[in-house]
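J.: entry.tsv is reproduced below (TSV, C-alpha atoms).
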```tsv
chain	number	residue	atom	x	y	z
S	1	MET	CA	196.33	184.39	123.64
S	2	ILE	CA	197.81	183.98	120.19
S	3	LEU	CA	199.51	187.22	119.12
S	4	SER	CA	199.77	188.48	115.57
S	5	MET	CA	202.94	190.23	114.43
S	6	THR	CA	200.79	192.83	112.68
S	7	GLY	CA	199.90	195.76	114.92
S	8	PHE	CA	199.36	199.51	115.06
S	9	ALA	CA	199.09	202.11	117.81
S	10	VAL	CA	199.30	205.90	118.12
S	11	GLN	CA	199.44	208.31	121.06
S	12	HIS	CA	199.31	212.11	121.10
S	13	ARG	CA	199.94	214.65	123.89
S	14	GLU	CA	199.47	218.43	123.94
S	15	LEU	CA	202.14	220.22	126.02
S	16	GLY	CA	201.38	223.92	125.74
S	17	SER	CA	203.31	225.33	122.82
S	18	VAL	CA	204.33	221.86	121.56
S	19	SER	CA	202.74	218.47	121.01
S	20	LEU	CA	204.24	214.98	121.07
S	21	HIS	CA	203.21	212.22	118.68
S	22	ILE	CA	204.29	208.56	118.87
S	23	GLU	CA	203.30	205.81	116.44
S	24	LEU	CA	204.03	202.06	116.41
S	25	ARG	CA	203.42	199.74	113.50
S	26	SER	CA	204.69	196.25	112.65
S	27	VAL	CA	204.64	193.43	110.13
S	28	ASN	CA	205.87	189.84	110.34
S	29	SER	CA	209.55	188.96	110.69
S	30	ARG	CA	211.56	185.95	111.84
S	31	PHE	CA	213.08	187.98	114.67
S	32	LEU	CA	212.49	191.26	116.51
S	33	ASP	CA	213.63	194.00	114.13
S	34	LEU	CA	213.28	197.53	115.54
S	35	SER	CA	213.64	200.72	113.50
S	36	PHE	CA	213.22	204.30	114.71
S	37	ARG	CA	212.25	207.50	112.97
S	38	LEU	CA	212.70	210.25	115.55
S	39	GLY	CA	212.67	214.02	115.29
S	40	ASP	CA	215.87	215.87	116.14
S	41	ASP	CA	214.34	217.28	119.34
S	42	VAL	CA	213.61	213.80	120.72
S	43	ARG	CA	216.37	211.68	119.19
S	44	LEU	CA	217.92	211.09	122.62
S	45	ALA	CA	214.84	209.04	123.57
S	46	GLU	CA	215.82	206.13	121.29
S	47	PRO	CA	217.73	204.02	123.89
S	48	ALA	CA	214.83	204.20	126.35
S	49	LEU	CA	212.27	203.37	123.64
S	50	ARG	CA	214.37	200.47	122.41
S	51	GLU	CA	214.60	199.06	125.94
S	52	MET	CA	210.84	199.38	126.49
S	53	LEU	CA	209.97	197.68	123.20
S	54	THR	CA	212.50	194.88	123.63
S	55	ALA	CA	211.13	194.11	127.09
S	56	ARG	CA	207.60	193.48	125.80
S	57	LEU	CA	207.94	192.28	122.19
S	58	ASN	CA	209.50	189.11	120.82
S	59	ARG	CA	209.09	189.04	117.04
S	60	GLY	CA	208.12	191.33	114.22
S	61	LYS	CA	209.52	194.17	112.14
S	62	VAL	CA	208.51	197.15	114.29
S	63	GLU	CA	208.77	200.78	113.30
S	64	CYS	CA	208.60	203.47	116.00
S	65	ARG	CA	207.98	207.10	115.03
S	66	LEU	CA	208.30	209.92	117.56
S	67	TYR	CA	208.31	213.60	116.83
S	68	LEU	CA	207.68	216.92	118.53
S	69	GLN	CA	205.56	219.51	116.76
S	70	LYS	CA	205.29	223.19	117.63
S	71	ASN	CA	201.75	224.49	117.76
S	72	ASP	CA	200.60	227.53	115.80
S	73	ALA	CA	200.36	229.64	118.95
S	74	ALA	CA	204.04	229.03	119.66
S	75	SER	CA	205.15	231.30	116.81
S	76	VAL	CA	203.85	234.34	118.70
S	77	ALA	CA	205.87	233.42	121.76
S	78	GLU	CA	208.99	232.87	119.70
S	79	MET	CA	208.94	236.51	118.45
S	80	SER	CA	208.72	238.06	121.92
S	81	LEU	CA	211.92	239.49	123.35
S	82	ASN	CA	213.61	238.43	126.56
S	83	GLY	CA	213.07	241.66	128.52
S	84	ALA	CA	215.41	240.83	131.38
S	85	LEU	CA	218.25	239.95	129.04
S	86	LEU	CA	217.59	243.12	127.03
S	87	GLN	CA	218.00	245.26	130.16
S	88	GLN	CA	221.19	243.45	131.10
S	89	LEU	CA	222.66	244.10	127.66
S	90	LYS	CA	221.67	247.76	127.89
S	91	ALA	CA	223.41	248.13	131.22
S	92	ALA	CA	226.50	246.32	129.97
S	93	GLN	CA	226.62	248.51	126.86
S	94	THR	CA	226.39	251.68	128.96
S	95	GLN	CA	229.30	250.52	131.13
S	96	ALA	CA	231.38	249.59	128.11
S	97	GLN	CA	230.77	252.93	126.36
S	98	ALA	CA	231.76	254.76	129.53
S	99	VAL	CA	235.20	253.18	129.18
S	100	PHE	CA	235.28	253.19	125.36
S	101	PRO	CA	233.26	256.23	124.20
S	102	GLN	CA	233.98	255.49	120.53
S	103	ALA	CA	232.48	251.96	120.71
S	104	LYS	CA	229.45	251.40	118.50
S	105	ALA	CA	226.12	250.52	120.04
S	106	LEU	CA	224.65	247.05	119.44
S	107	SER	CA	222.52	246.87	116.30
S	108	VAL	CA	218.98	245.46	116.24
S	109	GLY	CA	220.24	242.45	114.25
S	110	GLU	CA	222.91	241.74	116.86
S	111	LEU	CA	220.38	241.99	119.65
S	112	LEU	CA	217.94	239.59	117.96
S	113	ARG	CA	220.72	237.08	117.33
S	114	TRP	CA	221.93	237.23	120.93
S	115	PRO	CA	221.55	233.77	122.55
S	116	GLY	CA	218.35	233.64	124.59
S	117	MET	CA	217.01	236.99	123.32
S	118	LEU	CA	213.97	235.51	121.59
S	119	ALA	CA	211.72	233.94	124.20
S	120	ASP	CA	211.20	230.19	123.76
S	121	ASP	CA	208.77	228.45	126.08
S	122	SER	CA	209.41	224.99	124.62
S	123	LEU	CA	210.22	222.24	127.09
S	124	ALA	CA	213.72	220.90	127.60
S	125	PHE	CA	214.37	217.25	126.74
S	126	ASP	CA	214.66	216.30	130.43
S	127	GLU	CA	211.14	217.65	130.92
S	128	LEU	CA	209.86	215.79	127.87
S	129	MET	CA	211.32	212.40	128.75
S	130	PRO	CA	208.77	211.44	131.48
S	131	VAL	CA	205.95	212.28	129.07
S	132	ILE	CA	207.63	210.26	126.32
S	133	ARG	CA	207.90	207.23	128.63
S	134	GLU	CA	204.25	207.49	129.64
S	135	MET	CA	203.19	207.82	125.99
S	136	ALA	CA	205.35	204.88	124.97
S	137	GLU	CA	203.85	202.64	127.66
S	138	SER	CA	200.33	203.55	126.56
S	139	ALA	CA	201.26	203.04	122.91
S	140	ILE	CA	202.75	199.61	123.61
S	141	ASP	CA	199.62	198.60	125.57
S	142	GLU	CA	197.45	199.66	122.64
S	143	PHE	CA	199.85	198.00	120.20
S	144	LEU	CA	199.72	194.65	122.04
S	145	ALA	CA	195.93	194.86	122.26
S	146	SER	CA	195.74	195.25	118.48
S	147	ARG	CA	198.06	192.27	118.09
S	148	GLN	CA	195.82	190.21	120.37
S	149	ARG	CA	192.71	191.08	118.37
S	150	GLU	CA	194.44	190.15	115.13
S	151	GLY	CA	195.85	187.00	116.74
S	152	ALA	CA	192.38	185.88	117.81
S	153	LYS	CA	191.22	186.15	114.20
S	154	LEU	CA	194.21	184.14	112.98
S	155	ALA	CA	193.62	181.46	115.62
S	156	ALA	CA	189.97	181.15	114.54
S	157	ILE	CA	190.97	180.76	110.88
S	158	ILE	CA	193.59	178.11	111.68
S	159	GLY	CA	191.14	176.33	114.00
S	160	ASP	CA	188.59	176.05	111.19
S	161	ARG	CA	191.24	174.56	108.89
S	162	VAL	CA	192.26	172.08	111.60
S	163	GLU	CA	188.68	170.83	111.82
S	164	GLY	CA	188.61	170.50	108.05
S	165	MET	CA	191.80	168.45	108.22
S	166	ARG	CA	190.30	166.16	110.87
S	167	ALA	CA	187.29	165.50	108.64
S	168	LEU	CA	189.59	164.59	105.72
S	169	VAL	CA	191.59	162.19	107.91
S	170	GLU	CA	188.39	160.40	108.87
S	171	ARG	CA	187.35	160.25	105.20
S	172	ALA	CA	190.59	158.55	104.20
S	173	LYS	CA	190.59	155.93	106.95
S	174	PRO	CA	187.54	153.78	105.95
S	175	GLN	CA	188.71	153.39	102.36
S	176	MET	CA	191.73	151.20	103.11
S	177	PRO	CA	189.83	147.89	103.76
S	178	GLN	CA	187.69	148.49	100.69
S	179	LEU	CA	190.78	148.99	98.53
S	180	VAL	CA	192.39	145.78	99.82
S	181	ALA	CA	189.19	143.78	99.22
S	182	ALA	CA	188.83	145.21	95.70
S	183	TYR	CA	192.47	144.37	94.93
S	184	GLN	CA	192.05	140.79	96.21
S	185	SER	CA	188.96	140.31	94.04
S	186	LYS	CA	190.69	141.71	90.98
S	187	LEU	CA	193.84	139.64	91.56
S	188	THR	CA	191.83	136.45	92.02
S	189	GLU	CA	189.95	137.07	88.77
S	190	ARG	CA	193.14	137.67	86.83
S	191	LEU	CA	194.81	134.55	88.15
S	192	ARG	CA	191.71	132.49	87.40
S	193	GLU	CA	191.88	133.66	83.80
S	194	ALA	CA	195.62	133.05	83.55
S	195	VAL	CA	196.01	129.65	85.18
S	196	ALA	CA	193.84	126.58	85.60
S	197	THR	CA	194.55	126.12	89.30
S	198	LEU	CA	194.44	129.01	91.78
S	199	ASP	CA	197.32	129.30	94.22
S	200	GLU	CA	195.64	130.55	97.37
S	201	ASP	CA	198.96	131.12	99.16
S	202	ARG	CA	200.24	133.28	96.34
S	203	ILE	CA	197.06	135.33	96.38
S	204	ARG	CA	197.34	135.89	100.11
S	205	GLN	CA	200.97	136.95	99.74
S	206	GLU	CA	200.20	139.40	96.95
S	207	VAL	CA	197.27	140.86	98.86
S	208	ALA	CA	199.39	141.18	102.00
S	209	LEU	CA	202.12	143.00	100.06
S	210	PHE	CA	199.56	145.30	98.47
S	211	ALA	CA	197.95	146.04	101.84
S	212	GLN	CA	201.34	146.84	103.33
S	213	ARG	CA	202.25	149.08	100.42
S	214	ILE	CA	199.10	151.17	100.63
S	215	ASP	CA	198.76	151.11	104.43
S	216	VAL	CA	198.50	154.72	105.60
S	217	ASP	CA	197.42	154.11	109.19
S	218	GLU	CA	200.73	155.45	110.45
S	219	GLU	CA	200.43	158.62	108.36
S	220	LEU	CA	196.85	159.18	109.47
S	221	ASP	CA	197.82	158.66	113.11
S	222	ARG	CA	200.63	161.18	112.79
S	223	LEU	CA	198.28	163.64	111.11
S	224	ARG	CA	195.89	163.31	114.04
S	225	THR	CA	198.75	163.83	116.50
S	226	HIS	CA	200.00	166.95	114.72
S	227	LEU	CA	196.47	168.37	114.50
S	228	ASP	CA	195.99	167.77	118.22
S	229	GLU	CA	199.22	169.63	118.90
S	230	VAL	CA	198.14	172.57	116.73
S	231	GLY	CA	194.88	172.73	118.65
S	232	ARG	CA	196.72	172.59	121.98
S	233	ILE	CA	199.04	175.44	120.99
S	234	LEU	CA	196.17	177.61	119.77
S	235	LYS	CA	194.41	177.07	123.09
S	236	LYS	CA	197.51	177.72	125.19
S	237	GLY	CA	198.57	180.84	123.26
S	238	GLY	CA	201.80	182.72	123.90
S	239	ILE	CA	204.84	182.82	121.63
S	240	SER	CA	204.03	180.00	119.24
S	241	GLY	CA	204.66	181.08	115.64
S	242	LYS	CA	207.85	179.07	115.11
S	243	ARG	CA	206.35	175.93	116.68
S	244	LEU	CA	203.25	176.19	114.52
S	245	ASP	CA	205.39	176.73	111.42
S	246	PHE	CA	207.27	173.50	112.21
S	247	LEU	CA	203.98	171.61	112.59
S	248	MET	CA	202.82	172.92	109.20
S	249	GLN	CA	205.94	171.35	107.67
S	250	GLU	CA	205.19	168.04	109.40
S	251	LEU	CA	201.56	168.06	108.28
S	252	ASN	CA	202.66	168.73	104.72
S	253	ARG	CA	205.15	165.86	104.89
S	254	GLU	CA	202.44	163.41	105.98
S	255	ALA	CA	200.03	164.66	103.31
S	256	ASN	CA	202.70	164.11	100.64
S	257	THR	CA	203.31	160.55	101.90
S	258	LEU	CA	199.58	159.90	101.91
S	259	ALA	CA	199.36	161.04	98.29
S	260	SER	CA	202.35	158.92	97.21
S	261	LYS	CA	200.93	155.75	98.82
S	262	SER	CA	197.41	156.32	97.53
S	263	ALA	CA	195.88	153.48	95.52
S	264	ALA	CA	192.62	155.27	94.78
S	265	THR	CA	191.68	158.59	93.24
S	266	ASP	CA	189.47	159.37	96.25
S	267	VAL	CA	192.42	159.13	98.65
S	268	THR	CA	194.58	161.19	96.29
S	269	ALA	CA	191.86	163.84	96.25
S	270	VAL	CA	191.78	163.81	100.06
S	271	ALA	CA	195.56	164.33	100.19
S	272	MET	CA	195.32	167.25	97.75
S	273	GLU	CA	192.57	168.86	99.82
S	274	MET	CA	194.77	168.46	102.89
S	275	LYS	CA	197.65	170.22	101.17
S	276	VAL	CA	195.38	173.15	100.28
S	277	LEU	CA	194.26	173.50	103.91
S	278	ILE	CA	197.84	173.18	105.18
S	279	GLU	CA	198.99	175.94	102.84
S	280	GLN	CA	196.15	178.17	104.03
S	281	MET	CA	197.18	177.55	107.64
S	282	ARG	CA	200.85	178.13	106.85
S	283	GLU	CA	200.08	181.55	105.37
S	284	GLN	CA	198.30	182.56	108.58
S	285	VAL	CA	201.02	181.10	110.80
S	286	GLN	CA	203.61	183.38	109.16
S	287	ASN	CA	201.89	186.32	110.91
S	288	ILE	CA	201.89	184.78	114.40
S	289	GLU	CA	204.45	185.93	116.95
```
Rewrite the structure of this file - the entire thing - as C-alpha coordinates.
T.:
Amino acid sequence: MILSMTGFAVQHRELGSVSLHIELRSVNSRFLDLSFRLGDDVRLAEPALREMLTARLNRGKVECRLYLQKNDAASVAEMSLNGALLQQLKAAQTQAQAVFPQAKALSVGELLRWPGMLADDSLAFDELMPVIREMAESAIDEFLASRQREGAKLAAIIGDRVEGMRALVERAKPQMPQLVAAYQSKLTERLREAVATLDEDRIRQEVALFAQRIDVDEELDRLRTHLDEVGRILKKGGISGKRLDFLMQELNREANTLASKSAATDVTAVAMEMKVLIEQMREQVQNIE
(Lines of atoms letter the chains of each structure in order from A and count residues from 1; the text may use other names and numbers.)
(Lines give C-alpha, C1' and ligand atoms only; values in the text may rest on other atoms or scores of the structure.)
Protein backbone atom coordinates (compact mmCIF):
# COMPACT_ATOMS: atom_id res chain seq x y z
CA MET A 1 0.00 0.00 0.00
CA ILE A 2 0.93 3.63 -0.43
CA LEU A 3 2.05 5.09 2.90
CA SER A 4 1.57 8.68 3.99
CA MET A 5 4.29 10.40 6.01
CA THR A 6 1.59 11.86 8.26
CA GLY A 7 0.75 9.61 11.20
CA PHE A 8 -0.19 9.52 14.87
CA ALA A 9 -0.31 6.85 17.57
CA VAL A 10 -0.49 6.72 21.37
CA GLN A 11 -0.15 3.94 23.94
CA HIS A 12 -0.71 4.02 27.70
CA ARG A 13 0.07 1.47 30.44
CA GLU A 14 -0.82 1.48 34.15
CA LEU A 15 1.93 -0.05 36.33
CA GLY A 16 0.71 0.23 39.91
CA SER A 17 1.95 3.48 41.35
CA VAL A 18 3.15 4.78 37.95
CA SER A 19 1.89 4.92 34.38
CA LEU A 20 3.79 4.99 31.08
CA HIS A 21 2.70 7.06 28.10
CA ILE A 22 4.21 6.93 24.59
CA GLU A 23 3.17 9.06 21.62
CA LEU A 24 4.31 9.07 17.98
CA ARG A 25 3.50 11.75 15.44
CA SER A 26 5.01 12.67 12.07
CA VAL A 27 4.87 15.04 9.12
CA ASN A 28 6.53 14.91 5.71
CA SER A 29 10.30 15.16 5.25
CA ARG A 30 12.80 14.25 2.54
CA PHE A 31 14.52 11.80 4.88
CA LEU A 32 13.86 10.01 8.18
CA ASP A 33 14.27 12.65 10.88
CA LEU A 34 13.75 11.33 14.43
CA SER A 35 13.40 13.52 17.52
CA PHE A 36 12.77 12.38 21.10
CA ARG A 37 11.16 14.05 24.08
CA LEU A 38 11.71 11.68 27.00
CA GLY A 39 11.20 12.08 30.72
CA ASP A 40 14.26 11.85 32.95
CA ASP A 41 13.12 8.49 34.36
CA VAL A 42 13.04 6.87 30.90
CA ARG A 43 15.74 8.78 29.01
CA LEU A 44 17.88 5.64 28.78
CA ALA A 45 15.26 4.11 26.47
CA GLU A 46 16.19 6.41 23.56
CA PRO A 47 18.73 4.10 21.82
CA ALA A 48 16.26 1.19 21.82
CA LEU A 49 13.41 3.39 20.57
CA ARG A 50 15.60 4.86 17.84
CA GLU A 51 16.58 1.37 16.67
CA MET A 52 12.94 0.20 16.61
CA LEU A 53 11.74 3.23 14.64
CA THR A 54 14.62 3.14 12.16
CA ALA A 55 13.93 -0.53 11.45
CA ARG A 56 10.34 0.11 10.36
CA LEU A 57 10.22 3.68 9.01
CA ASN A 58 11.89 5.18 5.95
CA ARG A 59 10.88 8.83 5.63
CA GLY A 60 9.20 11.53 7.65
CA LYS A 61 9.90 13.91 10.50
CA VAL A 62 8.91 11.73 13.47
CA GLU A 63 8.59 12.88 17.05
CA CYS A 64 8.55 10.29 19.85
CA ARG A 65 7.37 11.28 23.32
CA LEU A 66 7.77 8.95 26.30
CA TYR A 67 7.23 9.80 29.92
CA LEU A 68 6.51 8.14 33.24
CA GLN A 69 3.84 9.62 35.48
CA LYS A 70 3.29 8.85 39.16
CA ASN A 71 -0.30 8.17 40.07
CA ASP A 72 -2.11 10.02 42.85
CA ALA A 73 -2.07 6.96 45.10
CA ALA A 74 1.72 6.86 44.92
CA SER A 75 2.08 9.94 47.14
CA VAL A 76 0.77 7.96 50.12
CA ALA A 77 3.35 5.25 49.60
CA GLU A 78 6.13 7.80 49.28
CA MET A 79 5.46 9.15 52.81
CA SER A 80 5.63 5.75 54.52
CA LEU A 81 8.84 4.94 56.37
CA ASN A 82 11.14 2.03 55.67
CA GLY A 83 10.56 0.12 58.94
CA ALA A 84 13.42 -2.33 58.52
CA LEU A 85 15.92 0.42 57.82
CA LEU A 86 14.58 2.41 60.79
CA GLN A 87 15.24 -0.53 63.13
CA GLN A 88 18.73 -0.98 61.72
CA LEU A 89 19.54 2.68 62.34
CA LYS A 90 18.18 2.43 65.88
CA ALA A 91 20.38 -0.55 66.62
CA ALA A 92 23.42 1.14 65.09
CA GLN A 93 22.77 4.30 67.11
CA THR A 94 22.53 2.31 70.34
CA GLN A 95 25.86 0.62 69.63
CA ALA A 96 27.51 3.92 68.75
CA GLN A 97 26.24 5.66 71.91
CA ALA A 98 27.52 2.77 74.01
CA VAL A 99 31.01 3.64 72.79
CA PHE A 100 30.46 7.41 72.60
CA PRO A 101 27.94 8.33 75.33
CA GLN A 102 28.13 12.03 74.48
CA ALA A 103 27.10 11.47 70.82
CA LYS A 104 23.84 13.12 69.81
CA ALA A 105 20.93 11.00 68.66
CA LEU A 106 19.79 11.22 65.03
CA SER A 107 17.21 13.95 64.45
CA VAL A 108 13.90 13.35 62.67
CA GLY A 109 15.15 15.41 59.70
CA GLU A 110 18.27 13.28 59.43
CA LEU A 111 16.22 10.11 59.56
CA LEU A 112 13.84 11.27 56.82
CA ARG A 113 16.75 12.27 54.59
CA TRP A 114 18.51 8.94 55.07
CA PRO A 115 18.81 7.15 51.68
CA GLY A 116 16.02 4.59 51.32
CA MET A 117 14.11 5.74 54.43
CA LEU A 118 11.02 6.87 52.54
CA ALA A 119 9.43 3.87 50.89
CA ASP A 120 9.28 4.07 47.08
CA ASP A 121 7.48 1.32 45.22
CA SER A 122 8.27 2.73 41.77
CA LEU A 123 9.78 0.34 39.26
CA ALA A 124 13.45 0.37 38.35
CA PHE A 125 14.37 1.20 34.74
CA ASP A 126 15.37 -2.42 34.03
CA GLU A 127 11.85 -3.45 35.02
CA LEU A 128 10.31 -0.73 32.87
CA MET A 129 12.28 -1.47 29.71
CA PRO A 130 10.34 -4.63 28.64
CA VAL A 131 7.09 -2.70 29.03
CA ILE A 132 8.51 0.21 27.05
CA ARG A 133 9.51 -2.12 24.20
CA GLU A 134 6.06 -3.73 24.12
CA MET A 135 4.39 -0.30 24.14
CA ALA A 136 6.68 0.97 21.39
CA GLU A 137 5.90 -2.02 19.16
CA SER A 138 2.17 -1.50 19.62
CA ALA A 139 2.54 2.24 19.01
CA ILE A 140 4.52 1.67 15.80
CA ASP A 141 1.89 -0.82 14.58
CA GLU A 142 -0.84 1.73 15.23
CA PHE A 143 1.30 4.48 13.70
CA LEU A 144 1.86 2.53 10.47
CA ALA A 145 -1.84 1.67 10.28
CA SER A 146 -2.69 5.38 10.43
CA ARG A 147 -0.14 6.05 7.71
CA GLN A 148 -1.71 3.35 5.55
CA ARG A 149 -5.19 4.83 5.96
CA GLU A 150 -3.92 8.27 5.05
CA GLY A 151 -1.91 6.81 2.16
CA ALA A 152 -5.00 5.13 0.73
CA LYS A 153 -6.76 8.49 0.67
CA LEU A 154 -3.79 10.13 -1.06
CA ALA A 155 -3.63 7.34 -3.64
CA ALA A 156 -7.35 7.77 -4.41
CA ILE A 157 -6.92 11.53 -4.88
CA ILE A 158 -3.92 11.08 -7.19
CA GLY A 159 -5.73 8.32 -9.09
CA ASP A 160 -8.66 10.65 -9.80
CA ARG A 161 -6.27 13.30 -11.12
CA VAL A 162 -4.54 10.72 -13.33
CA GLU A 163 -7.86 9.85 -14.94
CA GLY A 164 -8.51 13.54 -15.48
CA MET A 165 -5.13 13.84 -17.17
CA ARG A 166 -5.89 10.89 -19.45
CA ALA A 167 -9.13 12.56 -20.56
CA LEU A 168 -7.25 15.78 -21.37
CA VAL A 169 -4.65 13.88 -23.42
CA GLU A 170 -7.42 12.33 -25.49
CA ARG A 171 -9.03 15.76 -25.95
CA ALA A 172 -5.82 17.23 -27.34
CA LYS A 173 -5.06 14.43 -29.79
CA PRO A 174 -7.97 14.81 -32.31
CA GLN A 175 -7.37 18.54 -32.77
CA MET A 176 -4.03 18.23 -34.58
CA PRO A 177 -5.40 17.14 -38.02
CA GLN A 178 -8.07 19.82 -37.84
CA LEU A 179 -5.46 22.50 -37.13
CA VAL A 180 -3.30 21.39 -40.07
CA ALA A 181 -6.30 21.36 -42.43
CA ALA A 182 -7.39 24.81 -41.24
CA TYR A 183 -3.86 26.16 -41.73
CA GLN A 184 -3.65 24.70 -45.26
CA SER A 185 -6.97 26.29 -46.19
CA LYS A 186 -5.94 29.66 -44.78
CA LEU A 187 -2.52 29.54 -46.46
CA THR A 188 -4.04 28.63 -49.82
CA GLU A 189 -6.49 31.53 -49.59
CA ARG A 190 -3.75 34.01 -48.75
CA LEU A 191 -1.54 32.87 -51.60
CA ARG A 192 -4.46 33.01 -54.02
CA GLU A 193 -5.02 36.63 -53.04
CA ALA A 194 -1.32 37.49 -53.25
CA VAL A 195 -0.29 35.82 -56.50
CA ALA A 196 -1.98 34.94 -59.76
CA THR A 197 -0.63 31.39 -59.93
CA LEU A 198 -0.66 29.04 -56.93
CA ASP A 199 2.52 27.13 -56.20
CA GLU A 200 1.25 23.79 -54.97
CA ASP A 201 4.73 22.61 -53.95
CA ARG A 202 5.27 25.68 -51.81
CA ILE A 203 1.92 25.18 -50.13
CA ARG A 204 2.74 21.57 -49.33
CA GLN A 205 6.12 22.60 -47.91
CA GLU A 206 4.62 25.30 -45.72
CA VAL A 207 1.89 22.98 -44.48
CA ALA A 208 4.45 20.25 -43.75
CA LEU A 209 6.59 22.69 -41.76
CA PHE A 210 3.56 23.90 -39.85
CA ALA A 211 2.45 20.35 -39.09
CA GLN A 212 5.93 19.48 -37.86
CA ARG A 213 6.08 22.58 -35.69
CA ILE A 214 2.79 21.92 -33.94
CA ASP A 215 3.08 18.11 -33.83
CA VAL A 216 2.60 17.05 -30.22
CA ASP A 217 2.21 13.31 -30.74
CA GLU A 218 5.50 12.68 -28.98
CA GLU A 219 4.50 14.80 -25.98
CA LEU A 220 1.10 13.13 -25.75
CA ASP A 221 2.71 9.68 -25.96
CA ARG A 222 5.12 10.57 -23.17
CA LEU A 223 2.26 11.91 -21.07
CA ARG A 224 0.43 8.61 -21.50
CA THR A 225 3.59 6.69 -20.54
CA HIS A 226 4.15 8.77 -17.41
CA LEU A 227 0.50 8.44 -16.39
CA ASP A 228 0.70 4.67 -16.83
CA GLU A 229 3.76 4.61 -14.59
CA VAL A 230 2.00 6.68 -11.92
CA GLY A 231 -0.89 4.24 -12.00
CA ARG A 232 1.47 1.27 -11.76
CA ILE A 233 3.25 2.74 -8.73
CA LEU A 234 -0.01 3.54 -6.96
CA LYS A 235 -1.12 -0.05 -7.50
CA LYS A 236 2.18 -1.57 -6.40
CA GLY A 237 2.54 0.62 -3.30
CA GLY A 238 5.59 0.61 -1.05
CA ILE A 239 8.19 3.36 -0.74
CA SER A 240 7.33 5.48 -3.76
CA GLY A 241 7.23 9.16 -2.82
CA LYS A 242 10.50 10.15 -4.51
CA ARG A 243 9.66 8.24 -7.70
CA LEU A 244 6.23 9.85 -7.89
CA ASP A 245 7.75 13.29 -7.30
CA PHE A 246 10.10 12.71 -10.26
CA LEU A 247 7.15 11.71 -12.46
CA MET A 248 5.31 14.90 -11.48
CA GLN A 249 8.30 16.88 -12.78
CA GLU A 250 8.24 14.93 -16.05
CA LEU A 251 4.49 15.42 -16.49
CA ASN A 252 4.91 19.13 -15.90
CA ARG A 253 7.71 19.28 -18.47
CA GLU A 254 5.52 17.66 -21.14
CA ALA A 255 2.58 19.93 -20.31
CA ASN A 256 4.81 22.99 -20.71
CA THR A 257 6.03 21.72 -24.11
CA LEU A 258 2.45 21.06 -25.16
CA ALA A 259 1.51 24.63 -24.25
CA SER A 260 4.51 26.12 -26.09
CA LYS A 261 3.75 24.18 -29.30
CA SER A 262 0.03 24.88 -29.19
CA ALA A 263 -1.47 26.49 -32.28
CA ALA A 264 -5.00 26.73 -30.90
CA THR A 265 -6.56 28.21 -27.79
CA ASP A 266 -8.31 24.90 -27.09
CA VAL A 267 -5.00 23.03 -26.87
CA THR A 268 -3.51 25.79 -24.72
CA ALA A 269 -6.49 25.47 -22.40
CA VAL A 270 -5.94 21.70 -22.22
CA ALA A 271 -2.28 22.23 -21.29
CA MET A 272 -3.25 24.70 -18.56
CA GLU A 273 -5.79 22.26 -17.14
CA MET A 274 -3.09 19.59 -17.13
CA LYS A 275 -0.75 21.83 -15.16
CA VAL A 276 -3.46 22.43 -12.55
CA LEU A 277 -4.01 18.68 -12.13
CA ILE A 278 -0.25 18.03 -11.98
CA GLU A 279 0.17 20.63 -9.25
CA GLN A 280 -2.68 19.06 -7.28
CA MET A 281 -1.00 15.66 -7.58
CA ARG A 282 2.39 17.07 -6.66
CA GLU A 283 1.00 18.52 -3.42
CA GLN A 284 -0.33 15.10 -2.44
CA VAL A 285 2.87 13.32 -3.47
CA GLN A 286 4.87 15.45 -1.01
CA ASN A 287 3.13 13.55 1.81
CA ILE A 288 3.88 10.06 0.48
CA GLU A 289 6.67 8.02 2.04
J.: What is the distance between CA of Leu34 in chain S and CA of Ser4 in chain S, in Å to one decimal?
T.: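 Going from CA of Leu34 in chain S over to CA of Ser4 in chain S, I get 16.3 Å.
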J.: From the list S:Glu254, S:Glu283, S:Asp41, S:Glu137, which residue is nearest Ala55 in chain S when using only C-alpha atoms?
T.: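 With only C-alpha atoms as the atom set, the closest residue is S:Glu137.
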J.: Go ahead and compute the interatomic distance for CA of Asp228 in chain S and CA of Asn28 in chain S, in Å to one decimal.
T.: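 Distance between the two atoms: 25.4 Å.
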J.: Near Leu154 in chain S, counting all atoms listed in the file, which residues have an atom at most 8 Å away, once you skip same-chain residues fewer than 5 positions from it, shown as a PyMOL selection string?
T.: chain S and resi 4+284-285+288
J.: Residues around (214.2, 201.0, 124.6), cut-off 12 Å, counting all atoms listed in the file - what are they as number ranges by chain?
T.: S: 34-36, 44-57, 64, 132-133, 136-137, 140
J.: Let me make sure I understand: among S:Leu66, S:Ile278, S:Ile22, S:Ala155, which one has the smallest atom-to-atom distance to Gly237 in chain S if we use only C-alpha atoms?
T.: S:Ala155
J.: Just the residues within 8 Å of Ala271 in chain S, please, counting only C-alpha atoms, with nothing from its chain fewer than 6 positions along; format it as a PyMOL selection string.
T.: chain S and resi 255-256+258-259
J.: Let me make sure I understand: among S:Glu289, S:Leu89, S:Met272, S:Ser260, which one has the smallest atom-to-atom distance to Glu110 in chain S if we use all atoms listed in the file?
T.: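 Of all the options, S:Leu89 lies closest to Glu110 in chain S.
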J.: To one decimal in Å, tell me the separation between CA of Gly231 in chain S and CA of Asn287 in chain S.
T.: 17.1 Å
